[in-house]
file run_18.tsv (TSV, C-alpha atoms and all ligand atoms)
chain	number	residue	atom	x	y	z
A	17	MET	CA	-82.75	-62.90	18.67
A	18	THR	CA	-85.56	-65.43	18.41
A	19	LYS	CA	-89.19	-64.46	18.14
A	20	THR	CA	-90.04	-65.84	21.59
A	21	ARG	CA	-87.27	-63.85	23.23
A	22	LYS	CA	-88.45	-60.69	21.50
A	23	THR	CA	-91.99	-61.26	22.77
A	24	ALA	CA	-90.73	-61.91	26.27
A	25	LEU	CA	-88.68	-58.72	26.15
A	26	ARG	CA	-91.67	-56.76	24.92
A	27	THR	CA	-93.81	-58.17	27.73
A	28	ALA	CA	-91.13	-57.26	30.27
A	29	CYS	CA	-91.02	-53.70	28.91
A	30	ALA	CA	-94.81	-53.39	29.08
A	31	VAL	CA	-94.83	-54.64	32.67
A	32	LEU	CA	-92.06	-52.21	33.59
A	33	ALA	CA	-93.90	-49.31	31.94
A	34	LEU	CA	-97.07	-50.20	33.84
A	35	ALA	CA	-95.21	-50.42	37.15
A	36	LEU	CA	-93.59	-47.04	36.51
A	37	ALA	CA	-96.92	-45.48	35.60
A	38	ALA	CA	-98.62	-46.92	38.69
A	39	GLY	CA	-95.78	-45.68	40.88
A	40	GLY	CA	-95.99	-42.25	39.32
A	41	ILE	CA	-99.73	-42.05	39.85
A	42	LEU	CA	-99.35	-43.07	43.50
A	43	LEU	CA	-96.60	-40.53	44.00
A	44	LEU	CA	-98.56	-37.75	42.35
A	45	THR	CA	-101.97	-38.31	43.88
A	46	ARG	CA	-100.71	-38.71	47.42
A	47	GLY	CA	-101.75	-35.39	48.90
A	48	ASN	CA	-99.63	-33.40	51.30
A	49	GLY	CA	-102.64	-31.88	53.04
A	50	GLY	CA	-102.11	-28.31	51.89
A	51	ASN	CA	-104.76	-26.05	50.47
A	52	PRO	CA	-104.34	-25.55	46.74
A	53	PRO	CA	-103.31	-23.64	44.80
A	54	ALA	CA	-100.40	-23.54	47.17
A	55	GLY	CA	-96.67	-22.99	47.01
A	56	GLY	CA	-96.45	-20.51	44.20
A	57	ILE	CA	-98.76	-22.23	41.72
A	58	THR	CA	-100.41	-19.93	39.21
A	59	LEU	CA	-103.55	-21.30	37.65
A	60	LEU	CA	-105.06	-19.84	34.49
A	61	LEU	CA	-108.45	-21.02	33.26
A	62	ASP	CA	-109.07	-19.86	29.70
A	63	GLY	CA	-106.54	-17.11	30.31
A	64	ALA	CA	-108.02	-15.83	33.59
A	65	GLU	CA	-106.02	-16.20	36.76
A	66	MET	CA	-107.74	-18.26	39.48
A	67	THR	CA	-107.11	-17.56	43.15
A	68	ASP	CA	-108.80	-20.76	44.35
A	69	PRO	CA	-108.95	-24.32	43.06
A	70	VAL	CA	-111.33	-24.51	40.11
A	71	LEU	CA	-114.47	-26.50	40.79
A	72	ALA	CA	-116.93	-26.32	37.92
A	73	PRO	CA	-120.45	-27.70	38.30
A	74	GLU	CA	-121.57	-30.96	36.79
A	75	ALA	CA	-122.32	-31.03	33.09
A	76	GLY	CA	-122.82	-33.58	30.33
A	77	ASP	CA	-122.39	-37.24	31.21
A	78	GLY	CA	-120.85	-36.74	34.65
A	79	LEU	CA	-117.27	-37.57	33.64
A	80	ARG	CA	-114.83	-35.26	35.41
A	81	VAL	CA	-111.36	-34.00	34.66
A	82	ILE	CA	-109.34	-33.77	37.86
A	83	VAL	CA	-106.00	-31.98	37.87
A	84	THR	CA	-103.61	-32.29	40.79
A	85	ALA	CA	-100.30	-30.53	41.32
A	86	ASP	CA	-97.95	-31.88	43.95
A	87	GLY	CA	-100.81	-34.02	45.27
A	88	ASN	CA	-103.27	-31.16	45.68
A	89	GLU	CA	-106.42	-30.98	43.61
A	90	ILE	CA	-106.30	-27.71	41.72
A	91	ALA	CA	-109.10	-28.22	39.21
A	92	ASN	CA	-112.17	-30.39	38.85
A	93	LEU	CA	-113.96	-29.73	35.57
A	94	PRO	CA	-116.59	-31.48	33.47
A	95	PHE	CA	-115.27	-33.59	30.61
A	96	GLY	CA	-116.61	-32.35	27.28
A	97	THR	CA	-116.71	-28.62	28.03
A	98	GLU	CA	-114.00	-26.64	26.21
A	99	HIS	CA	-111.33	-25.34	28.54
A	100	THR	CA	-107.66	-24.53	28.52
A	101	LEU	CA	-106.00	-24.83	31.90
A	102	GLN	CA	-102.53	-23.48	32.39
A	103	VAL	CA	-100.61	-24.55	35.47
A	104	ILE	CA	-97.50	-22.54	36.20
A	105	GLN	CA	-95.25	-23.94	38.92
A	106	GLN	CA	-91.68	-23.30	39.90
A	107	SER	CA	-90.81	-26.57	38.19
A	108	GLY	CA	-92.43	-25.45	34.93
A	109	THR	CA	-95.60	-24.87	32.97
A	110	ASN	CA	-98.23	-27.27	31.65
A	111	THR	CA	-101.18	-26.50	29.41
A	112	VAL	CA	-104.08	-28.94	29.67
A	113	ARG	CA	-106.71	-28.86	26.92
A	114	ILE	CA	-110.24	-30.13	27.36
A	115	THR	CA	-112.24	-30.40	24.12
A	116	PRO	CA	-115.74	-31.86	23.58
A	117	ASP	CA	-114.15	-35.25	22.84
A	118	ALA	CA	-110.77	-35.42	24.53
A	119	VAL	CA	-108.38	-34.31	27.22
A	120	TYR	CA	-104.68	-33.95	26.49
A	121	MET	CA	-101.51	-32.11	27.43
A	122	GLU	CA	-101.25	-29.42	24.80
A	123	GLU	CA	-97.94	-27.97	25.90
A	124	ALA	CA	-95.32	-28.40	28.58
A	125	ASP	CA	-91.78	-27.22	29.13
A	126	CYS	CA	-90.68	-30.41	30.87
A	127	HIS	CA	-87.67	-32.39	29.80
A	128	GLY	CA	-88.66	-35.38	27.69
A	129	GLN	CA	-92.16	-34.14	26.87
A	130	ASP	CA	-93.64	-37.46	27.97
A	131	CYS	CA	-96.91	-35.86	29.04
A	132	VAL	CA	-97.35	-34.09	25.69
A	133	LYS	CA	-96.70	-37.36	23.84
A	134	MET	CA	-99.28	-39.31	25.85
A	135	GLU	CA	-102.35	-40.42	23.97
A	136	PRO	CA	-105.32	-38.07	24.56
A	137	VAL	CA	-108.02	-39.47	26.86
A	138	THR	CA	-111.38	-39.89	25.14
A	139	ARG	CA	-114.66	-41.49	26.21
A	140	ASP	CA	-113.85	-44.44	23.98
A	141	ASN	CA	-110.29	-45.23	25.12
A	142	LEU	CA	-110.73	-44.50	28.82
A	143	GLU	CA	-110.95	-48.20	29.71
A	144	MET	CA	-108.26	-49.37	27.30
A	145	ARG	CA	-105.39	-46.93	27.70
A	146	VAL	CA	-102.34	-48.31	29.49
A	147	MET	CA	-102.60	-45.43	31.95
A	148	GLY	CA	-106.40	-45.54	32.23
A	149	GLY	CA	-107.74	-42.00	32.45
A	150	PHE	CA	-104.39	-40.54	33.51
A	151	ILE	CA	-102.03	-38.11	31.84
A	152	ILE	CA	-99.07	-37.36	34.05
A	153	CYS	CA	-96.09	-35.04	34.01
A	154	LEU	CA	-93.65	-36.56	36.46
A	155	PRO	CA	-91.05	-33.75	36.33
A	156	HIS	CA	-93.73	-31.20	37.28
A	157	ARG	CA	-95.60	-33.54	39.66
A	158	LEU	CA	-98.78	-32.85	37.75
A	159	SER	CA	-101.53	-35.34	37.05
A	160	VAL	CA	-104.68	-35.13	34.97
A	161	GLU	CA	-107.31	-37.80	35.47
A	162	VAL	CA	-110.58	-38.42	33.67
A	163	ARG	CA	-112.85	-40.14	36.11
A	164	GLY	CA	-116.49	-41.22	36.21
A	165	LYS	CA	-118.82	-40.35	39.07
A	201	ZN	ZN	-94.34	-33.26	31.20
call {"tool": "encode", "arguments": {"input": "run_18.tsv", "output": "structure tokens"}}
result
Amino acid sequence: MTKTRKTALRTACAVLALALAAGGILLLTRGNGGNPPAGGITLLLDGAEMTDPVLAPEAGDGLRVIVTADGNEIANLPFGTEHTLQVIQQSGTNTVRITPDAVYMEEADCHGQDCVKMEPVTRDNLEMRVMGGFIICLPHRLSVEVRGK
């Protein structure tokens, strides 16, 4: 294979990956109008079970970490404050870690482990990551987004 063809192939793959990611984000953030946590979702914040969506007050630089399951917002936390959020759904379990510097999927029992392998979101890479501020678990219809005000 020539060098040009390889580059073209790589570009095509990158475009395809982007399209898939964008589609996934659209699919996951499109709400179904229900009140979360709904439909048998168990939400644990630092080990404590939450009966309502978690909305923590503003802190630090105003960046937020927004977690949605099946299109419903289940947590909205400040970026930079240590938290471990466990989302247990019928489809499976995800553990989202927020540290002072990053947000990442610590653990998941999904097939493929794509969400766990995704690059952590930091303040520095937020603009440059292929997926922007998103970490998504398609099999569990779970999305994590780091978003400014
Ligand atoms: Zn996953």
call {"tool": "atom_distance", "arguments": {"input": "run_18.tsv", "atom1": "CA of Val162 in chain A", "atom2": "CA of Asp77 in chain A"}}
result
12.1 Å
call {"tool": "closest_residue", "arguments": {"input": "run_18.tsv", "among": "A:Glu74, A:Glu122, A:Asp117, A:Glu98", "to": "ligand ZN 201 (chain A)", "atoms": "all atoms listed in the file"}}
result
A:Glu122
call {"tool": "residues_around", "arguments": {"input": "run_18.tsv", "residues": "Cys153 in chain A", "least_positions_apart": "2", "cutoff": "8 Å", "atoms": "all atoms listed in the file", "output": "list in words"}}
result
Cys126, Asp130, Cys131, Ile151, Pro155, His156, Arg157, Leu158 and Ser159 of chain A
call {"tool": "closest_residue", "arguments": {"input": "run_18.tsv", "among": "A:Ile104, A:Arg80, A:Pro69, A:Ala85", "to": "Val137 in chain A", "atoms": "only C-alpha atoms"}}
result
A:Arg80
call {"tool": "atom_distance", "arguments": {"input": "run_18.tsv", "atom1": "CA of Leu93 in chain A", "atom2": "CA of Ile152 in chain A"}}
result
16.8 Å
call {"tool": "atom_distance", "arguments": {"input": "run_18.tsv", "atom1": "CA of Arg145 in chain A", "atom2": "CA of Leu34 in chain A"}}
result
10.8 Å
call {"tool": "closest_residue", "arguments": {"input": "run_18.tsv", "among": "A:Asp86, A:Glu161, A:Asp68, A:Asp125", "to": "ligand ZN 201 (chain A)", "atoms": "all atoms listed in the file"}}
result
A:Asp125
call {"tool": "closest_residue", "arguments": {"input": "run_18.tsv", "among": "A:Leu142, A:Ala35, A:Met147, A:Met121", "to": "ligand ZN 201 (chain A)", "atoms": "only C-alpha atoms and all ligand atoms"}}
result
A:Met121
call {"tool": "closest_residue", "arguments": {"input": "run_18.tsv", "among": "A:Gly148, A:Pro116, A:Gly56, A:Gly108", "to": "ligand ZN 201 (chain A)", "atoms": "all atoms listed in the file"}}
result
A:Gly108
call {"tool": "decode", "arguments": {"input": "run_18.tsv", "residues": "range 70-153 of chain A", "atoms": "C-alpha atoms", "output": "PDB file, in the first residue's frame"}}
result
ATOM      1  CA  VAL A  70     -27.329  14.456  42.357  1.00  0.00           C
ATOM      2  CA  LEU A  71     -26.984  18.194  41.961  1.00  0.00           C
ATOM      3  CA  ALA A  72     -23.975  19.559  43.805  1.00  0.00           C
ATOM      4  CA  PRO A  73     -23.473  23.317  44.171  1.00  0.00           C
ATOM      5  CA  GLU A  74     -20.966  25.272  42.157  1.00  0.00           C
ATOM      6  CA  ALA A  75     -17.324  25.038  43.152  1.00  0.00           C
ATOM      7  CA  GLY A  76     -13.918  25.843  41.703  1.00  0.00           C
ATOM      8  CA  ASP A  77     -13.780  27.201  38.166  1.00  0.00           C
ATOM      9  CA  GLY A  78     -17.397  26.503  37.230  1.00  0.00           C
ATOM     10  CA  LEU A  79     -16.690  23.460  35.050  1.00  0.00           C
ATOM     11  CA  ARG A  80     -19.354  20.805  35.584  1.00  0.00           C
ATOM     12  CA  VAL A  81     -19.466  17.059  35.203  1.00  0.00           C
ATOM     13  CA  ILE A  82     -22.846  15.988  33.851  1.00  0.00           C
ATOM     14  CA  VAL A  83     -23.818  12.322  33.850  1.00  0.00           C
ATOM     15  CA  THR A  84     -26.822  11.085  31.916  1.00  0.00           C
ATOM     16  CA  ALA A  85     -28.273   7.591  31.806  1.00  0.00           C
ATOM     17  CA  ASP A  86     -30.712   6.743  29.043  1.00  0.00           C
ATOM     18  CA  GLY A  87     -30.969  10.466  28.264  1.00  0.00           C
ATOM     19  CA  ASN A  88     -31.830  11.532  31.806  1.00  0.00           C
ATOM     20  CA  GLU A  89     -29.489  13.708  33.811  1.00  0.00           C
ATOM     21  CA  ILE A  90     -28.641  11.773  36.951  1.00  0.00           C
ATOM     22  CA  ALA A  91     -25.731  13.810  38.288  1.00  0.00           C
ATOM     23  CA  ASN A  92     -24.356  17.313  37.906  1.00  0.00           C
ATOM     24  CA  LEU A  93     -21.182  17.790  39.923  1.00  0.00           C
ATOM     25  CA  PRO A  94     -18.342  20.302  40.031  1.00  0.00           C
ATOM     26  CA  PHE A  95     -15.202  19.306  38.143  1.00  0.00           C
ATOM     27  CA  GLY A  96     -12.216  19.140  40.479  1.00  0.00           C
ATOM     28  CA  THR A  97     -13.962  17.868  43.608  1.00  0.00           C
ATOM     29  CA  GLU A  98     -13.163  14.223  44.407  1.00  0.00           C
ATOM     30  CA  HIS A  99     -16.107  11.923  43.856  1.00  0.00           C
ATOM     31  CA  THR A 100     -16.822   8.368  42.856  1.00  0.00           C
ATOM     32  CA  LEU A 101     -20.165   7.877  41.179  1.00  0.00           C
ATOM     33  CA  GLN A 102     -21.484   4.401  40.646  1.00  0.00           C
ATOM     34  CA  VAL A 103     -24.367   3.932  38.237  1.00  0.00           C
ATOM     35  CA  ILE A 104     -26.052   0.556  38.401  1.00  0.00           C
ATOM     36  CA  GLN A 105     -28.540  -0.154  35.626  1.00  0.00           C
ATOM     37  CA  GLN A 106     -30.142  -3.300  34.339  1.00  0.00           C
ATOM     38  CA  SER A 107     -27.710  -3.135  31.427  1.00  0.00           C
ATOM     39  CA  GLY A 108     -24.716  -2.990  33.774  1.00  0.00           C
ATOM     40  CA  THR A 109     -22.580  -0.945  36.122  1.00  0.00           C
ATOM     41  CA  ASN A 110     -20.291   2.027  35.516  1.00  0.00           C
ATOM     42  CA  THR A 111     -17.987   3.736  37.979  1.00  0.00           C
ATOM     43  CA  VAL A 112     -17.149   7.351  37.158  1.00  0.00           C
ATOM     44  CA  ARG A 113     -14.202   8.933  38.975  1.00  0.00           C
ATOM     45  CA  ILE A 114     -13.778  12.665  39.428  1.00  0.00           C
ATOM     46  CA  THR A 115     -10.361  13.718  40.738  1.00  0.00           C
ATOM     47  CA  PRO A 116      -8.961  17.251  41.202  1.00  0.00           C
ATOM     48  CA  ASP A 117      -7.514  17.085  37.677  1.00  0.00           C
ATOM     49  CA  ALA A 118      -9.527  14.610  35.633  1.00  0.00           C
ATOM     50  CA  VAL A 119     -12.717  12.722  34.978  1.00  0.00           C
ATOM     51  CA  TYR A 120     -12.630   9.159  33.713  1.00  0.00           C
ATOM     52  CA  MET A 121     -14.477   5.848  33.657  1.00  0.00           C
ATOM     53  CA  GLU A 122     -12.769   3.861  36.367  1.00  0.00           C
ATOM     54  CA  GLU A 123     -14.679   0.633  35.870  1.00  0.00           C
ATOM     55  CA  ALA A 124     -17.457  -0.823  33.778  1.00  0.00           C
ATOM     56  CA  ASP A 125     -18.795  -4.272  33.048  1.00  0.00           C
ATOM     57  CA  CYS A 126     -19.692  -3.479  29.454  1.00  0.00           C
ATOM     58  CA  HIS A 127     -18.527  -5.560  26.541  1.00  0.00           C
ATOM     59  CA  GLY A 128     -15.539  -3.984  24.816  1.00  0.00           C
ATOM     60  CA  GLN A 129     -14.633  -1.630  27.671  1.00  0.00           C
ATOM     61  CA  ASP A 130     -14.547   1.314  25.279  1.00  0.00           C
ATOM     62  CA  CYS A 131     -15.567   3.780  27.978  1.00  0.00           C
ATOM     63  CA  VAL A 132     -12.827   2.596  30.347  1.00  0.00           C
ATOM     64  CA  LYS A 133     -10.232   2.921  27.566  1.00  0.00           C
ATOM     65  CA  MET A 134     -11.244   6.490  26.692  1.00  0.00           C
ATOM     66  CA  GLU A 135      -8.728   9.174  27.517  1.00  0.00           C
ATOM     67  CA  PRO A 136      -9.550  10.948  30.815  1.00  0.00           C
ATOM     68  CA  VAL A 137     -10.967  14.453  30.418  1.00  0.00           C
ATOM     69  CA  THR A 138      -8.766  17.146  31.936  1.00  0.00           C
ATOM     70  CA  ARG A 139      -8.884  20.946  31.871  1.00  0.00           C
ATOM     71  CA  ASP A 140      -6.042  20.905  29.364  1.00  0.00           C
ATOM     72  CA  ASN A 141      -7.381  18.402  26.820  1.00  0.00           C
ATOM     73  CA  LEU A 142     -11.040  19.405  26.939  1.00  0.00           C
ATOM     74  CA  GLU A 143     -10.814  21.347  23.674  1.00  0.00           C
ATOM     75  CA  MET A 144      -8.560  18.878  21.880  1.00  0.00           C
ATOM     76  CA  ARG A 145     -10.019  15.457  22.585  1.00  0.00           C
ATOM     77  CA  VAL A 146     -11.733  13.800  19.627  1.00  0.00           C
ATOM     78  CA  MET A 147     -14.852  13.447  21.778  1.00  0.00           C
ATOM     79  CA  GLY A 148     -14.574  16.892  23.387  1.00  0.00           C
ATOM     80  CA  GLY A 149     -15.601  16.649  27.026  1.00  0.00           C
ATOM     81  CA  PHE A 150     -17.471  13.371  26.535  1.00  0.00           C
ATOM     82  CA  ILE A 151     -16.899   9.888  27.857  1.00  0.00           C
ATOM     83  CA  ILE A 152     -19.611   7.536  26.710  1.00  0.00           C
ATOM     84  CA  CYS A 153     -20.632   3.961  27.350  1.00  0.00           C
TER      85      CYS A 153
END
